[in-house]
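With TSV, C-alpha atoms and all ligand atoms inside, this is final.tsv:
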```
chain	number	residue	atom	x	y	z
A	180	MET	CA	75.93	-6.18	168.40
A	181	VAL	CA	77.41	-5.07	165.09
A	182	MET	CA	75.61	-2.38	163.18
A	183	GLY	CA	74.63	-4.57	160.24
A	184	GLN	CA	72.90	-6.99	162.55
A	185	ALA	CA	71.01	-4.19	164.25
A	186	ARG	CA	69.73	-2.87	160.96
A	187	ALA	CA	68.65	-6.25	159.69
A	188	ASP	CA	66.77	-6.89	162.93
A	189	GLU	CA	65.07	-3.49	162.87
A	190	SER	CA	63.82	-4.00	159.33
A	191	CYS	CA	62.05	-7.26	160.17
A	192	GLY	CA	58.30	-7.10	159.99
A	193	SER	CA	58.21	-4.00	157.79
A	194	SER	CA	55.72	-3.64	154.97
A	195	PRO	CA	56.79	-4.75	151.51
A	196	LEU	CA	57.39	-1.86	149.14
A	197	ALA	CA	55.18	-1.33	146.15
A	198	SER	CA	57.87	-1.79	143.51
A	199	SER	CA	58.69	-4.92	141.61
A	200	THR	CA	62.38	-3.97	141.58
A	201	PHE	CA	62.89	-3.39	145.31
A	202	THR	CA	65.45	-5.30	147.34
A	203	PRO	CA	64.18	-6.01	150.84
A	204	HIS	CA	66.11	-4.90	153.92
A	205	ARG	CA	68.05	-2.10	152.26
A	206	VAL	CA	67.88	0.18	155.28
A	207	VAL	CA	69.08	3.76	155.59
A	208	THR	CA	68.78	5.54	158.92
A	209	TYR	CA	68.23	9.09	160.16
A	210	SER	CA	67.72	10.81	163.50
A	211	ARG	CA	64.69	12.96	164.18
A	212	ALA	CA	66.55	16.00	165.49
A	213	HIS	CA	66.33	19.62	166.46
A	214	THR	CA	69.45	21.78	166.16
A	215	LEU	CA	69.89	24.12	169.09
A	216	VAL	CA	72.50	26.86	168.77
A	217	PRO	CA	73.73	28.24	172.13
A	218	THR	CA	75.56	31.00	170.25
A	219	TYR	CA	76.63	31.79	166.71
A	220	GLU	CA	79.71	33.69	167.88
A	221	CYS	CA	82.95	32.06	166.88
A	222	PHE	CA	86.54	33.19	167.25
A	223	ASN	CA	87.54	31.32	164.06
A	224	ARG	CA	86.96	32.76	160.62
A	225	CYS	CA	86.76	29.92	158.11
A	226	THR	CA	86.27	31.48	154.69
A	227	TYR	CA	83.39	29.16	153.76
A	228	CYS	CA	81.40	29.64	157.00
A	229	ASN	CA	77.69	30.46	156.80
A	230	PHE	CA	77.14	30.19	160.55
A	231	ARG	CA	79.37	32.50	162.55
A	232	THR	CA	79.14	36.01	163.91
A	233	ASP	CA	81.97	37.93	165.53
A	234	PRO	CA	82.50	37.40	169.28
A	235	GLY	CA	79.98	39.40	171.28
A	236	GLN	CA	77.60	39.77	168.32
A	237	SER	CA	75.33	36.81	169.03
A	238	PRO	CA	73.40	36.84	172.32
A	239	TRP	CA	73.49	33.42	173.94
A	240	VAL	CA	70.18	31.60	173.84
A	241	SER	CA	68.46	31.97	177.21
A	242	LEU	CA	67.92	28.94	179.41
A	243	GLY	CA	64.31	30.06	179.90
A	244	GLN	CA	63.73	29.89	176.16
A	245	VAL	CA	65.32	26.43	176.01
A	246	ALA	CA	63.22	25.25	178.96
A	247	ARG	CA	60.03	26.36	177.18
A	248	GLN	CA	61.03	24.85	173.85
A	249	MET	CA	62.14	21.36	174.93
A	250	PRO	CA	58.76	19.93	175.97
A	251	LEU	CA	57.24	21.15	172.68
A	252	LEU	CA	59.94	19.36	170.72
A	253	HIS	CA	59.29	16.23	172.71
A	254	GLN	CA	55.58	16.40	171.91
A	255	GLN	CA	56.46	16.72	168.22
A	256	GLY	CA	58.37	13.42	168.34
A	257	VAL	CA	61.85	14.93	168.22
A	258	CYS	CA	64.41	12.59	169.78
A	259	GLU	CA	67.81	14.27	169.38
A	260	VAL	CA	68.84	17.76	170.43
A	261	LEU	CA	71.91	18.59	168.39
A	262	VAL	CA	73.68	21.26	170.42
A	263	LEU	CA	75.78	23.03	167.83
A	264	SER	CA	77.77	25.99	169.08
A	265	GLY	CA	80.16	28.58	167.79
A	266	GLU	CA	83.38	28.65	169.78
A	267	VAL	CA	84.54	30.94	172.54
A	268	ALA	CA	88.35	31.01	172.45
A	269	PRO	CA	90.08	28.49	174.77
A	270	HIS	CA	91.75	31.12	176.97
A	271	SER	CA	88.89	33.62	176.99
A	272	PRO	CA	87.59	34.63	180.45
A	273	ARG	CA	84.12	33.74	179.05
A	274	ARG	CA	85.06	30.16	178.24
A	275	ALA	CA	83.91	28.65	181.58
A	276	ASP	CA	80.52	30.42	181.34
A	277	TRP	CA	80.11	29.21	177.76
A	278	LEU	CA	80.78	25.61	178.73
A	279	ARG	CA	78.45	25.84	181.74
A	280	HIS	CA	75.73	27.25	179.48
A	281	ILE	CA	76.06	24.32	177.10
A	282	TYR	CA	76.00	21.88	180.02
A	283	GLN	CA	72.80	23.44	181.35
A	284	ILE	CA	71.16	23.30	177.91
A	285	CYS	CA	71.93	19.58	177.77
A	286	GLU	CA	70.46	19.11	181.24
A	287	LEU	CA	67.25	20.84	180.13
A	288	ALA	CA	67.04	18.58	177.08
A	289	LEU	CA	67.48	15.47	179.22
A	290	GLY	CA	64.93	16.78	181.70
A	291	ALA	CA	62.39	16.96	178.89
A	292	GLY	CA	63.16	13.38	177.82
A	293	LEU	CA	65.32	14.31	174.81
A	294	LEU	CA	68.79	13.01	173.91
A	295	PRO	CA	71.56	15.63	173.54
A	296	HIS	CA	74.48	15.34	171.15
A	297	THR	CA	76.94	18.23	171.41
A	298	ASN	CA	79.36	19.54	168.83
A	299	ALA	CA	80.99	22.70	170.17
A	300	GLY	CA	84.38	22.60	168.48
A	301	PRO	CA	87.59	21.40	170.12
A	302	LEU	CA	87.33	21.02	173.89
A	303	SER	CA	89.88	20.36	176.60
A	304	ARG	CA	89.90	16.82	177.93
A	305	ASP	CA	88.26	18.01	181.13
A	306	GLU	CA	85.56	19.88	179.19
A	307	MET	CA	84.84	16.73	177.20
A	308	ALA	CA	84.58	14.69	180.38
A	309	GLN	CA	82.10	17.20	181.81
A	310	LEU	CA	79.85	17.20	178.76
A	311	GLN	CA	80.04	13.41	178.55
A	312	GLN	CA	77.85	13.32	181.68
A	313	VAL	CA	74.95	15.05	179.87
A	314	ASN	CA	75.35	13.80	176.27
A	315	VAL	CA	74.55	10.43	174.75
A	316	SER	CA	77.19	11.07	172.07
A	317	MET	CA	79.35	13.93	170.88
A	318	GLY	CA	80.94	15.04	167.66
A	319	LEU	CA	83.60	17.02	165.86
A	320	MET	CA	84.43	17.00	162.17
A	321	VAL	CA	88.05	16.16	161.38
A	322	GLU	CA	87.40	17.99	158.08
A	323	GLN	CA	90.81	17.18	156.51
A	324	VAL	CA	94.12	16.19	158.06
A	325	THR	CA	96.21	18.01	155.47
A	326	PRO	CA	97.87	21.12	156.97
A	327	SER	CA	97.78	22.86	153.58
A	328	LEU	CA	94.30	24.27	154.28
A	329	LEU	CA	95.78	26.33	157.13
A	330	GLU	CA	97.29	28.51	154.41
A	331	THR	CA	93.99	29.00	152.59
A	332	VAL	CA	90.44	28.53	153.94
A	333	HIS	CA	91.63	28.01	157.54
A	334	ARG	CA	94.20	30.80	157.64
A	335	HIS	CA	92.23	32.53	160.40
A	336	ALA	CA	90.87	29.41	162.11
A	337	PRO	CA	93.18	28.19	164.88
A	338	SER	CA	90.69	25.45	165.85
A	339	LYS	CA	91.14	23.81	162.46
A	340	ARG	CA	94.68	22.61	163.06
A	341	PRO	CA	94.47	18.90	162.18
A	342	GLU	CA	96.43	17.76	165.23
A	343	ILE	CA	93.94	19.48	167.56
A	344	ARG	CA	91.02	17.72	165.90
A	345	LEU	CA	92.67	14.31	165.92
A	346	GLN	CA	93.49	14.87	169.59
A	347	GLN	CA	89.74	15.30	170.23
A	348	LEU	CA	89.05	11.93	168.64
A	349	GLU	CA	91.79	10.39	170.75
A	350	TRP	CA	90.42	11.87	173.99
A	351	ALA	CA	86.89	10.80	173.07
A	352	GLY	CA	88.22	7.27	172.65
A	353	GLU	CA	90.05	7.37	175.98
A	354	LEU	CA	86.96	8.72	177.75
A	355	GLY	CA	84.63	6.22	176.06
A	356	ILE	CA	82.43	8.77	174.29
A	357	PRO	CA	80.48	7.48	171.25
A	358	PHE	CA	81.66	9.89	168.61
A	359	THR	CA	80.59	11.32	165.27
A	360	THR	CA	83.18	12.83	162.98
A	361	GLY	CA	83.53	13.51	159.30
A	362	LEU	CA	85.18	15.10	156.30
A	363	LEU	CA	84.35	18.41	154.70
A	364	LEU	CA	84.92	17.91	150.99
A	365	GLY	CA	85.75	20.44	148.31
A	366	LEU	CA	87.89	23.01	150.14
A	367	GLY	CA	90.86	22.64	147.80
A	368	GLU	CA	92.17	19.32	149.08
A	369	SER	CA	93.06	16.34	146.92
A	370	GLU	CA	91.61	12.86	146.74
A	371	SER	CA	94.71	11.49	148.43
A	372	ASP	CA	94.02	13.93	151.29
A	373	TRP	CA	90.59	12.28	151.64
A	374	VAL	CA	92.27	8.91	151.95
A	375	ASP	CA	94.72	10.26	154.56
A	376	SER	CA	91.82	11.68	156.59
A	377	LEU	CA	89.78	8.47	156.38
A	378	ARG	CA	92.79	6.39	157.38
A	379	ALA	CA	93.48	8.64	160.38
A	380	ILE	CA	89.88	8.16	161.56
A	381	ALA	CA	90.04	4.42	160.92
A	382	THR	CA	93.28	4.12	162.94
A	383	LEU	CA	91.72	5.83	165.95
A	384	HIS	CA	88.55	3.75	165.67
A	385	THR	CA	90.61	0.57	165.51
A	386	ARG	CA	92.32	1.64	168.74
A	387	TYR	CA	89.22	2.74	170.70
A	388	GLY	CA	86.14	1.46	168.80
A	389	HIS	CA	84.26	4.72	169.42
A	390	ILE	CA	83.54	6.24	166.00
A	391	GLN	CA	79.88	5.55	165.33
A	392	GLU	CA	79.57	7.45	162.07
A	393	VAL	CA	81.56	9.49	159.58
A	394	ILE	CA	79.84	12.36	157.78
A	395	LEU	CA	80.86	13.16	154.21
A	396	GLN	CA	79.82	16.77	153.80
A	397	PRO	CA	80.19	18.35	150.37
A	398	HIS	CA	81.06	22.03	150.39
A	399	SER	CA	77.89	23.81	149.29
A	400	PRO	CA	78.28	27.58	148.86
A	401	GLY	CA	75.95	29.81	150.84
A	402	GLN	CA	75.10	33.49	150.89
A	403	GLN	CA	77.00	34.45	154.04
A	404	GLN	CA	80.43	33.03	153.41
A	405	LEU	CA	83.45	35.32	153.16
A	406	GLN	CA	84.80	33.70	150.04
A	407	ARG	CA	82.48	32.02	147.60
A	408	GLY	CA	83.88	28.66	146.53
A	409	THR	CA	82.41	26.10	144.17
A	410	ALA	CA	80.15	23.24	145.17
A	411	LEU	CA	81.62	19.76	145.20
A	412	ALA	CA	80.43	17.78	142.17
A	413	GLU	CA	78.03	14.96	143.02
A	414	THR	CA	80.19	12.45	141.19
A	415	ALA	CA	83.04	13.40	143.55
A	416	LEU	CA	80.78	12.82	146.57
A	417	VAL	CA	79.89	9.36	145.30
A	418	GLN	CA	83.62	8.71	144.88
A	419	ALA	CA	84.20	9.85	148.47
A	420	VAL	CA	81.55	7.40	149.69
A	421	GLN	CA	83.32	4.60	147.81
A	422	LEU	CA	86.63	5.57	149.41
A	423	ALA	CA	85.03	5.72	152.86
A	424	LYS	CA	83.57	2.27	152.36
A	425	ALA	CA	86.99	1.00	151.33
A	426	HIS	CA	88.98	2.61	154.16
A	427	LEU	CA	86.66	2.70	157.19
A	428	PRO	CA	85.94	-0.30	159.39
A	429	LYS	CA	82.64	-1.95	158.51
A	430	ASN	CA	80.96	-1.02	161.79
A	431	VAL	CA	81.31	2.73	161.13
A	432	ALA	CA	78.24	4.23	159.46
A	433	ILE	CA	78.77	6.48	156.43
A	434	GLN	CA	76.54	9.54	156.55
A	435	ILE	CA	75.66	12.02	153.82
A	436	PRO	CA	73.49	15.14	154.22
A	437	PRO	CA	70.39	14.65	152.03
A	438	ASN	CA	69.82	18.41	151.65
A	439	LEU	CA	73.15	18.87	149.87
A	440	VAL	CA	72.58	16.37	147.05
A	441	SER	CA	70.00	15.84	144.35
A	442	ARG	CA	67.71	12.83	144.65
A	443	GLU	CA	69.75	11.09	141.95
A	444	GLY	CA	72.95	11.88	143.84
A	445	LEU	CA	71.40	10.60	147.05
A	446	LEU	CA	70.50	7.27	145.48
A	447	ALA	CA	73.97	7.00	143.93
A	448	CYS	CA	75.55	7.59	147.36
A	449	LEU	CA	73.33	4.90	148.92
A	450	GLU	CA	74.32	2.44	146.22
A	451	ALA	CA	77.98	3.34	146.85
A	452	GLY	CA	77.74	2.55	150.56
A	453	ALA	CA	76.20	5.47	152.49
A	454	THR	CA	74.04	4.14	155.31
A	455	ASP	CA	72.77	7.18	157.20
A	456	LEU	CA	71.22	10.60	156.51
A	457	GLY	CA	72.04	12.27	159.82
A	458	GLY	CA	69.91	14.41	162.06
A	459	LEU	CA	66.96	15.86	160.17
A	460	SER	CA	65.60	19.12	161.51
A	461	PRO	CA	63.83	21.67	159.32
A	462	VAL	CA	66.75	24.12	159.24
A	463	ASP	CA	70.35	23.15	158.55
A	464	GLU	CA	72.16	25.70	160.72
A	465	VAL	CA	75.52	25.03	159.05
A	466	ASN	CA	74.09	25.33	155.54
A	467	PRO	CA	71.13	27.69	156.06
A	468	ASP	CA	70.59	28.05	152.30
A	469	TYR	CA	69.73	24.35	152.05
A	470	ASP	CA	66.72	23.26	154.12
A	471	HIS	CA	66.48	19.64	155.12
A	472	PRO	CA	63.85	17.53	153.40
A	473	THR	CA	61.23	15.97	155.66
A	474	PRO	CA	61.56	12.30	156.55
A	475	GLU	CA	58.31	11.73	154.69
A	476	SER	CA	59.61	13.20	151.43
A	477	LEU	CA	62.87	11.28	151.76
A	478	ARG	CA	61.03	8.08	152.42
A	479	ALA	CA	59.00	8.59	149.25
A	480	ALA	CA	62.11	9.48	147.23
A	481	ILE	CA	64.12	6.38	148.11
A	482	ALA	CA	61.38	3.77	148.40
A	483	PRO	CA	61.03	3.12	144.63
A	484	ALA	CA	64.71	2.06	144.59
A	485	GLY	CA	64.08	-0.39	147.42
A	486	TRP	CA	65.47	1.70	150.30
A	487	GLN	CA	63.69	1.85	153.59
A	488	LEU	CA	64.13	4.89	155.86
A	489	GLN	CA	64.25	4.09	159.57
A	490	PRO	CA	64.70	6.37	162.57
A	491	ARG	CA	67.61	5.84	164.92
A	492	LEU	CA	68.80	7.43	168.13
A	493	PRO	CA	71.83	9.76	168.29
A	494	ILE	CA	73.69	6.90	170.00
A	495	TYR	CA	74.13	3.68	168.05
A	496	PRO	CA	72.97	0.59	169.96
A	497	GLN	CA	76.37	-1.00	170.44
A	498	TYR	CA	77.39	1.97	172.61
A	499	ASP	CA	74.53	1.86	175.12
A	500	PRO	CA	76.71	0.15	177.76
A	501	TRP	CA	79.19	3.07	177.52
A	502	LEU	CA	76.63	5.60	178.78
A	503	PRO	CA	76.90	7.18	182.23
A	504	SER	CA	74.35	5.29	184.32
A	505	PRO	CA	71.95	8.28	184.85
A	506	LEU	CA	71.44	8.43	181.05
A	507	GLN	CA	70.82	4.74	180.48
A	508	PRO	CA	67.10	4.51	181.47
A	509	LEU	CA	66.15	7.31	179.07
A	510	VAL	CA	68.00	5.72	176.15
A	511	HIS	CA	66.47	2.34	176.93
A	512	THR	CA	63.01	3.92	176.93
A	513	TRP	CA	63.65	5.47	173.53
A	514	ARG	CA	64.86	2.12	172.19
A	515	ALA	CA	61.67	0.46	173.40
A	516	SER	CA	59.63	3.27	171.90
A	517	GLN	CA	61.32	2.91	168.50
A	518	ARG	CA	60.82	-0.84	168.53
A	519	GLY	CA	57.10	-0.18	169.05
A	520	SER	CA	55.82	2.97	167.39
A	521	ARG	CA	58.79	4.71	165.76
A	522	SER	CA	57.32	8.19	166.08
A	523	GLU	CA	55.73	7.99	169.51
A	524	PRO	CA	57.26	10.40	172.05
A	525	VAL	CA	58.38	8.91	175.36
A	526	PRO	CA	57.92	10.29	178.85
A	527	SER	CA	60.77	12.05	180.57
A	528	GLU	CA	62.72	9.75	182.85
A	529	TYR	CA	65.77	11.88	183.49
A	530	PRO	CA	65.65	13.49	186.92
A	531	ASN	CA	65.57	17.29	186.76
A	601	LIG	S1	83.08	26.83	160.23
A	601	LIG	FE1	82.85	26.50	162.46
A	601	LIG	S2	84.89	26.98	163.30
A	601	LIG	FE2	84.81	27.87	161.22
A	601	LIG	S3	84.12	29.98	161.58
A	601	LIG	FE3	82.31	28.75	161.15
A	601	LIG	S4	81.52	28.19	163.16
A	601	LIG	FE4	83.64	28.85	163.44
```
Render the structure in this file as structure tokens.
Ligand code: SF4
Amino acid sequence: MVMGQARADESCGSSPLASSTFTPHRVVTYSRAHTLVPTYECFNRCTYCNFRTDPGQSPWVSLGQVARQMPLLHQQGVCEVLVLSGEVAPHSPRRADWLRHIYQICELALGAGLLPHTNAGPLSRDEMAQLQQVNVSMGLMVEQVTPSLLETVHRHAPSKRPEIRLQQLEWAGELGIPFTTGLLLGLGESESDWVDSLRAIATLHTRYGHIQEVILQPHSPGQQQLQRGTALAETALVQAVQLAKAHLPKNVAIQIPPNLVSREGLLACLEAGATDLGGLSPVDEVNPDYDHPTPESLRAAIAPAGWQLQPRLPIYPQYDPWLPSPLQPLVHTWRASQRGSRSEPVPSEYPN
């Protein structure tokens, strides 16, 4: 099933909007998510980062705490657990423990009936294959493929070498992992760099068919970053959406973060081709100075322009057959739940 068909189907039977100017079936999606951070420690030092601490400075979240939290999230109607981790260096003696910890967090989420999506920076192929068993999808931002940023904002960030990040997308394709990637915009790159990055993603998707969505994330300065840059102009973000629409295959969703744009900018991005607002949890861990709006406030903001906000799962429907078989019943139950009552929690079906 192509994405456009899925959206049209899902919007059938919805209530008409109370505006004389609305266009029916203009659907934008989001995922009801909770971001879980195993650790903030990261061996990279990107100059714009508002997330990291130095290695050893961020105690890893305890599995007991996660085990207590997951059922509560489930009761609140959360569907996705976005496992977002700082990185332990590839050759560190702590790397295996770090990966095992992330794996166990995903198992706890599944055990509570929630759907994990992990983004933990570049992984080895074997690490990806391990996490594939306990994730319904995974992600890693390409950011930009130009190597010029390695001399500026990524001077002390070995994980940000473009070839490493493209290799992740390639391995995800080979392994059959539904994948989320994206561009970080406004770090000093040019518009032609955006096109190069979009084309690189499009090429890999054409080969493997595994890129479910591409995030266009505007740099938005925060209080903790080492070097304060300037925010990307909203007009530039709209332009990036137009370029993404022109260069990405039609079955790849274009996502923008609704907490990093004004309401006018959000509507302009939707008109330009954005189709998804990502995982909405109260706190944006990557941009902690910019809280996410609630789904209810977003729904009210976009409805007068004829847009309808609909929840989705962290795996797009066309990828369900790719899932490891132990994960399939849980995803199918969530699909059935969203077809019925879109906010009703579902019982856990994943064996502990
Ligand atoms: S942006 Fe990501 S990779 Fe860079 S320092 Fe922050 S957490 Fe680490």
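Between A:Leu354 and the residues A:Gln309, A:Val332, A:Glu392, A:Gln507, the shortest atom-to-atom distance, using all atoms listed in the file, involves A:Gln309.
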Quick one: contact table of stretch 241-286 of chain A to stretch 449-460 of chain A, 10 Å max, nearest atom pair and distance in Å to one decimal per residue, counting only C-alpha atoms, chain and number order, as a tab-separated table?
```
residue	atom	partner	partner_atom	distance
A:Val257	CA	A:Ser460	CA	8.8
A:Cys258	CA	A:Gly458	CA	9.7
A:Glu259	CA	A:Gly458	CA	7.6
A:Val260	CA	A:Gly458	CA	9.1
A:Leu261	CA	A:Gly458	CA	7.8
```
Counting all atoms listed in the file, find the residues whose atoms lie at most 10 Å from (76.3, 27.6, 171.3) (file coordinates) and write them out as a ChimeraX atom specification. /A:215-221,237-240,262-267,277-278,280-281,284,297-300
If you keep C-alpha atoms, can you produce a file of those selected residues as a PDB file, in the coordinates of the input?
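Saved file selection09.pdb follows:
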```
ATOM      1  CA  LEU A 215      69.890  24.120 169.090  1.00  0.00           C
ATOM      2  CA  VAL A 216      72.500  26.860 168.770  1.00  0.00           C
ATOM      3  CA  PRO A 217      73.730  28.240 172.130  1.00  0.00           C
ATOM      4  CA  THR A 218      75.560  31.000 170.250  1.00  0.00           C
ATOM      5  CA  TYR A 219      76.630  31.790 166.710  1.00  0.00           C
ATOM      6  CA  GLU A 220      79.710  33.690 167.880  1.00  0.00           C
ATOM      7  CA  CYS A 221      82.950  32.060 166.880  1.00  0.00           C
ATOM      8  CA  SER A 237      75.330  36.810 169.030  1.00  0.00           C
ATOM      9  CA  PRO A 238      73.400  36.840 172.320  1.00  0.00           C
ATOM     10  CA  TRP A 239      73.490  33.420 173.940  1.00  0.00           C
ATOM     11  CA  VAL A 240      70.180  31.600 173.840  1.00  0.00           C
ATOM     12  CA  VAL A 262      73.680  21.260 170.420  1.00  0.00           C
ATOM     13  CA  LEU A 263      75.780  23.030 167.830  1.00  0.00           C
ATOM     14  CA  SER A 264      77.770  25.990 169.080  1.00  0.00           C
ATOM     15  CA  GLY A 265      80.160  28.580 167.790  1.00  0.00           C
ATOM     16  CA  GLU A 266      83.380  28.650 169.780  1.00  0.00           C
ATOM     17  CA  VAL A 267      84.540  30.940 172.540  1.00  0.00           C
ATOM     18  CA  TRP A 277      80.110  29.210 177.760  1.00  0.00           C
ATOM     19  CA  LEU A 278      80.780  25.610 178.730  1.00  0.00           C
ATOM     20  CA  HIS A 280      75.730  27.250 179.480  1.00  0.00           C
ATOM     21  CA  ILE A 281      76.060  24.320 177.100  1.00  0.00           C
ATOM     22  CA  ILE A 284      71.160  23.300 177.910  1.00  0.00           C
ATOM     23  CA  THR A 297      76.940  18.230 171.410  1.00  0.00           C
ATOM     24  CA  ASN A 298      79.360  19.540 168.830  1.00  0.00           C
ATOM     25  CA  ALA A 299      80.990  22.700 170.170  1.00  0.00           C
ATOM     26  CA  GLY A 300      84.380  22.600 168.480  1.00  0.00           C
TER      27      GLY A 300
END
```
Step by step, gather every atom of ligand LIG 601 (chain A) that the file lists, find the box along x, y and z that holds them, add 5 Å on each side, and finally give centre and edge lengths in Å to one decimal, as JSON.
```
{"center_x": 83.2, "center_y": 28.2, "center_z": 161.8, "size_x": 13.4, "size_y": 13.5, "size_z": 13.2}
```
Which residues come within 10 Å of A:Leu422, counting all atoms listed in the file, excluding same-chain residues fewer than 5 positions away, as a PyMOL selection string? chain A and resi 370+373-374+377+416-417+427+451-452
What residues of the protein or nucleic acid chains come within 12 Å of ligand LIG 601 (chain A) when you use only C-alpha atoms and all ligand atoms? Reply as number ranges by chain. A: 216-234, 263-268, 298-301, 319-322, 329, 332-340, 344, 363, 366, 398, 403-405, 464-466
Got a sec: who's within 10 Å of A:Glu306, counting all atoms listed in the file, leaving out chain neighbours fewer than 4 positions off, as an MDAnalysis selection string? chainID A and resid 275 278:279 282 301:302 310:311
Can you patch up stretch 326-339 of chain A, filling it in to N, CA and C atoms, and show the result as a compact mmCIF listing (two decimals), in the frame of the given file?
```txt
# COMPACT_ATOMS: atom_id res chain seq x y z
N PRO A 326 97.65 19.77 156.41
CA PRO A 326 97.87 21.12 156.97
C PRO A 326 97.81 22.22 155.91
N SER A 327 97.72 21.83 154.64
CA SER A 327 97.78 22.86 153.58
C SER A 327 96.60 23.83 153.67
N LEU A 328 95.47 23.39 154.22
CA LEU A 328 94.30 24.27 154.28
C LEU A 328 94.48 25.41 155.29
N LEU A 329 95.50 25.24 156.18
CA LEU A 329 95.78 26.33 157.13
C LEU A 329 96.34 27.56 156.42
N GLU A 330 96.77 27.37 155.17
CA GLU A 330 97.29 28.51 154.41
C GLU A 330 96.22 29.12 153.53
N THR A 331 95.05 28.49 153.47
CA THR A 331 93.99 29.00 152.59
C THR A 331 92.71 29.23 153.41
N VAL A 332 91.76 28.31 153.32
CA VAL A 332 90.44 28.53 153.94
C VAL A 332 90.48 28.60 155.47
N HIS A 333 91.52 28.03 156.07
CA HIS A 333 91.63 28.01 157.54
C HIS A 333 92.74 28.93 158.05
N ARG A 334 93.10 29.92 157.25
CA ARG A 334 94.20 30.80 157.64
C ARG A 334 93.90 31.51 158.96
N HIS A 335 92.62 31.81 159.17
CA HIS A 335 92.23 32.53 160.40
C HIS A 335 91.36 31.65 161.28
N ALA A 336 91.68 30.37 161.33
CA ALA A 336 90.87 29.41 162.11
C ALA A 336 91.78 28.50 162.93
N PRO A 337 92.24 29.00 164.09
CA PRO A 337 93.18 28.19 164.88
C PRO A 337 92.61 26.85 165.32
N SER A 338 91.28 26.74 165.43
CA SER A 338 90.69 25.45 165.85
C SER A 338 90.80 24.38 164.79
N LYS A 339 91.16 24.78 163.57
CA LYS A 339 91.14 23.81 162.46
C LYS A 339 92.50 23.16 162.25
```
